[in-house]
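Here's the structure we're looking at; comments come further down.
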Amino acid sequence: MAMVTLGEYAKLHGLKVTNVRTAQRRGRLLTSVKRHGVWMVDEAEPWYRDRRRDWYTDEAKGLPADEIDVYDRFLMIRHYAQCGQYPTTFRTCLDMIPADVREALPAQQVAALVDAIHDSYETGYRAGMAYAA
């Protein structure tokens, strides 16, 4: 797992650097991290359009092409969210964020909002249980 810059990733995969940067900003590169002010990505990560072939589970079967993009974004947000492993909780917290905000922000930031909502719920729940006891 060698980390490379976005420019190097673009050269390795035969892509335009601007397309790679846009994909990173939109949260489509799952392994992207910022190190010392430079965005890095795993050189082995498949380009997000190629990843679709093996990315989906049975949940995506039968979805039309326009809904595949929405589902792809949903999966990325779930991947980044700490509570993403709990489907019902994740979905409830995600639904609390207005749709226009979800669409305007990158997947990582939406996931951070989902986690903040989840954390505030957990804090309130624990405080209530401590008060009740």
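We name chains A, B, ... following the order of the structure tokens; residues begin at 1 in each chain, and ligands are numbered from 1 as shown.
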Alpha helix (DSSP H) call set, DSSP backbone run, chain A, as a VMD selection string: chain A and resid 6 to 13 17 to 25 48 to 55 65 to 80 87 to 95 99 to 104 107 to 132
Selection: 8 Å around range 72-78 of chain A, only C-alpha atoms, excl. self and same-chain fewer than 5 positions, as a PyMOL selection string: chain A and resi 27-28+30+83-85+90+107-108+110-111
For Val114 in chain A, please output as a tab-separated table (two decimals) with N, CA, C and O atoms, in the first residue's frame all residues within 7 Å (counting only C-alpha atoms; exclusion window: fewer than 6 positions along the same chain).
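Done, and the output landed in selection15.tsv:
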chain	number	residue	atom	x	y	z
A	81	ALA	N	-18.19	7.10	7.91
A	81	ALA	CA	-18.83	7.33	9.20
A	81	ALA	C	-18.44	6.22	10.19
A	81	ALA	O	-18.44	5.05	9.84
A	93	CYS	N	-29.38	8.77	11.46
A	93	CYS	CA	-28.56	9.98	11.60
A	93	CYS	C	-28.39	10.69	10.26
A	93	CYS	O	-28.42	11.92	10.20
A	94	LEU	N	-28.22	9.93	9.19
A	94	LEU	CA	-28.07	10.53	7.87
A	94	LEU	C	-29.34	11.26	7.45
A	94	LEU	O	-29.29	12.34	6.86
Leu15 in chain A surroundings by only C-alpha atoms, 12 Å radius, close-in-sequence under 5 positions cut, as an MDAnalysis selection string: chainID A and resid 6:10 20:23 46:49
Mind dumping the selected residues with N, CA and C atoms as a short mmCIF file (atom, residue, chain, number, x, y, z; two decimals), in the first residue's frame?
data_model
loop_
_atom_site.label_atom_id
_atom_site.label_comp_id
_atom_site.auth_asym_id
_atom_site.auth_seq_id
_atom_site.Cartn_x
_atom_site.Cartn_y
_atom_site.Cartn_z
N LEU A 6 -1.80 13.01 -5.67
CA LEU A 6 -2.90 12.93 -6.64
C LEU A 6 -2.39 13.00 -8.07
N GLY A 7 -1.33 13.78 -8.30
CA GLY A 7 -0.73 13.87 -9.62
C GLY A 7 -0.12 12.55 -10.06
N GLU A 8 0.58 11.88 -9.14
CA GLU A 8 1.18 10.57 -9.45
C GLU A 8 0.08 9.53 -9.69
N TYR A 9 -0.98 9.60 -8.90
CA TYR A 9 -2.10 8.67 -9.07
C TYR A 9 -2.72 8.85 -10.46
N ALA A 10 -2.87 10.10 -10.87
CA ALA A 10 -3.44 10.38 -12.19
C ALA A 10 -2.57 9.79 -13.30
N VAL A 20 -8.94 13.78 -10.95
CA VAL A 20 -8.57 13.11 -9.70
C VAL A 20 -8.81 14.05 -8.52
N ARG A 21 -8.44 15.31 -8.66
CA ARG A 21 -8.66 16.27 -7.58
C ARG A 21 -10.15 16.47 -7.30
N THR A 22 -10.95 16.53 -8.36
CA THR A 22 -12.39 16.66 -8.18
C THR A 22 -12.96 15.43 -7.48
N ALA A 23 -12.52 14.25 -7.88
CA ALA A 23 -12.99 13.02 -7.24
C ALA A 23 -12.60 13.00 -5.77
N PRO A 46 -8.60 1.38 -6.93
CA PRO A 46 -9.14 1.51 -8.28
C PRO A 46 -9.87 2.84 -8.44
N TRP A 47 -9.87 3.36 -9.66
CA TRP A 47 -10.61 4.57 -9.96
C TRP A 47 -12.08 4.31 -9.67
N TYR A 48 -12.77 5.28 -9.10
CA TYR A 48 -14.11 5.03 -8.58
C TYR A 48 -15.07 4.50 -9.62
N ARG A 49 -14.92 4.85 -10.87
CA ARG A 49 -15.83 4.32 -11.91
C ARG A 49 -15.53 2.84 -12.19
#
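In terms of minimum interatomic distance to Thr89 in chain A, A:Ile117 ranks closest within A:Ile117, A:Ala112, A:Val101, A:Val70, counting only C-alpha atoms.
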Considering only strand (DSSP E or B) as DSSP defines it on the backbone, what residues of range 8-126 of chain A qualify? List them as a compact mmCIF listing (two decimals) with all heavy atoms, in the first residue's frame.
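Okay, result.txt is ready:
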# COMPACT_ATOMS: atom_id res chain seq x y z
N VAL A 33 -5.85 10.81 2.07
CA VAL A 33 -5.53 11.44 3.35
C VAL A 33 -4.62 12.64 3.07
O VAL A 33 -3.89 12.66 2.07
CB VAL A 33 -4.83 10.49 4.33
CG1 VAL A 33 -5.76 9.38 4.79
CG2 VAL A 33 -3.58 9.90 3.73
N LYS A 34 -4.67 13.60 3.94
CA LYS A 34 -3.80 14.77 3.79
C LYS A 34 -2.62 14.61 4.72
O LYS A 34 -2.78 14.46 5.93
CB LYS A 34 -4.58 16.05 4.12
CG LYS A 34 -3.92 17.29 3.61
CD LYS A 34 -4.86 18.47 3.72
CE LYS A 34 -4.34 19.64 2.92
NZ LYS A 34 -5.27 20.76 2.96
N ARG A 35 -1.43 14.60 4.14
CA ARG A 35 -0.20 14.47 4.92
C ARG A 35 0.69 15.66 4.64
O ARG A 35 1.09 15.87 3.49
CB ARG A 35 0.53 13.18 4.55
CG ARG A 35 -0.21 11.95 5.00
CD ARG A 35 0.65 10.74 4.86
NE ARG A 35 -0.09 9.56 5.28
CZ ARG A 35 0.20 8.35 4.90
NH1 ARG A 35 1.22 8.12 4.09
NH2 ARG A 35 -0.51 7.33 5.33
N VAL A 38 -0.37 17.85 1.81
CA VAL A 38 -0.46 17.28 0.46
C VAL A 38 -1.43 16.10 0.50
O VAL A 38 -1.31 15.21 1.36
CB VAL A 38 0.93 16.80 -0.02
CG1 VAL A 38 0.83 16.15 -1.39
CG2 VAL A 38 1.92 17.94 -0.03
N TRP A 39 -2.38 16.08 -0.44
CA TRP A 39 -3.30 14.96 -0.51
C TRP A 39 -2.61 13.75 -1.10
O TRP A 39 -1.97 13.84 -2.15
CB TRP A 39 -4.53 15.32 -1.34
CG TRP A 39 -5.51 16.14 -0.58
CD1 TRP A 39 -5.70 17.49 -0.67
CD2 TRP A 39 -6.40 15.68 0.43
NE1 TRP A 39 -6.66 17.89 0.21
CE2 TRP A 39 -7.12 16.79 0.91
CE3 TRP A 39 -6.68 14.43 0.99
CZ2 TRP A 39 -8.08 16.70 1.89
CZ3 TRP A 39 -7.63 14.33 1.97
CH2 TRP A 39 -8.32 15.46 2.41
N MET A 40 -2.75 12.61 -0.42
CA MET A 40 -2.14 11.35 -0.85
C MET A 40 -3.26 10.32 -1.00
O MET A 40 -4.29 10.39 -0.33
CB MET A 40 -1.14 10.86 0.19
CG MET A 40 -0.07 11.88 0.60
SD MET A 40 1.11 12.20 -0.68
CE MET A 40 2.14 10.77 -0.53
N VAL A 41 -3.02 9.34 -1.87
CA VAL A 41 -3.99 8.28 -2.09
C VAL A 41 -3.22 6.99 -2.36
O VAL A 41 -2.10 7.02 -2.87
CB VAL A 41 -4.94 8.64 -3.26
CG1 VAL A 41 -4.21 8.72 -4.58
CG2 VAL A 41 -6.11 7.68 -3.34
N ASP A 42 -3.81 5.87 -1.98
CA ASP A 42 -3.18 4.57 -2.23
C ASP A 42 -3.12 4.33 -3.73
O ASP A 42 -4.13 4.43 -4.43
CB ASP A 42 -3.99 3.47 -1.55
CG ASP A 42 -3.37 2.10 -1.69
OD1 ASP A 42 -2.32 1.98 -2.34
OD2 ASP A 42 -3.95 1.15 -1.15
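Nearest to Gln24 in chain A of all the residues A:Leu12, A:Pro106, A:Thr92, A:Gly128 is A:Pro106, counting only C-alpha atoms.
Considering only C-alpha atoms, the residue among A:Lys16, A:Arg126, A:Arg26, A:Lys11 positioned nearest to Glu43 in chain A is A:Lys11.
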Pick from A:Leu29, A:Met96, A:Leu63, A:Ala132 nearest to Leu113 in chain A, counting only C-alpha atoms: A:Met96
CA of Leu105 in chain A to CA of His36 in chain A, distance in Å rounded to a single decimal: 23.0 Å
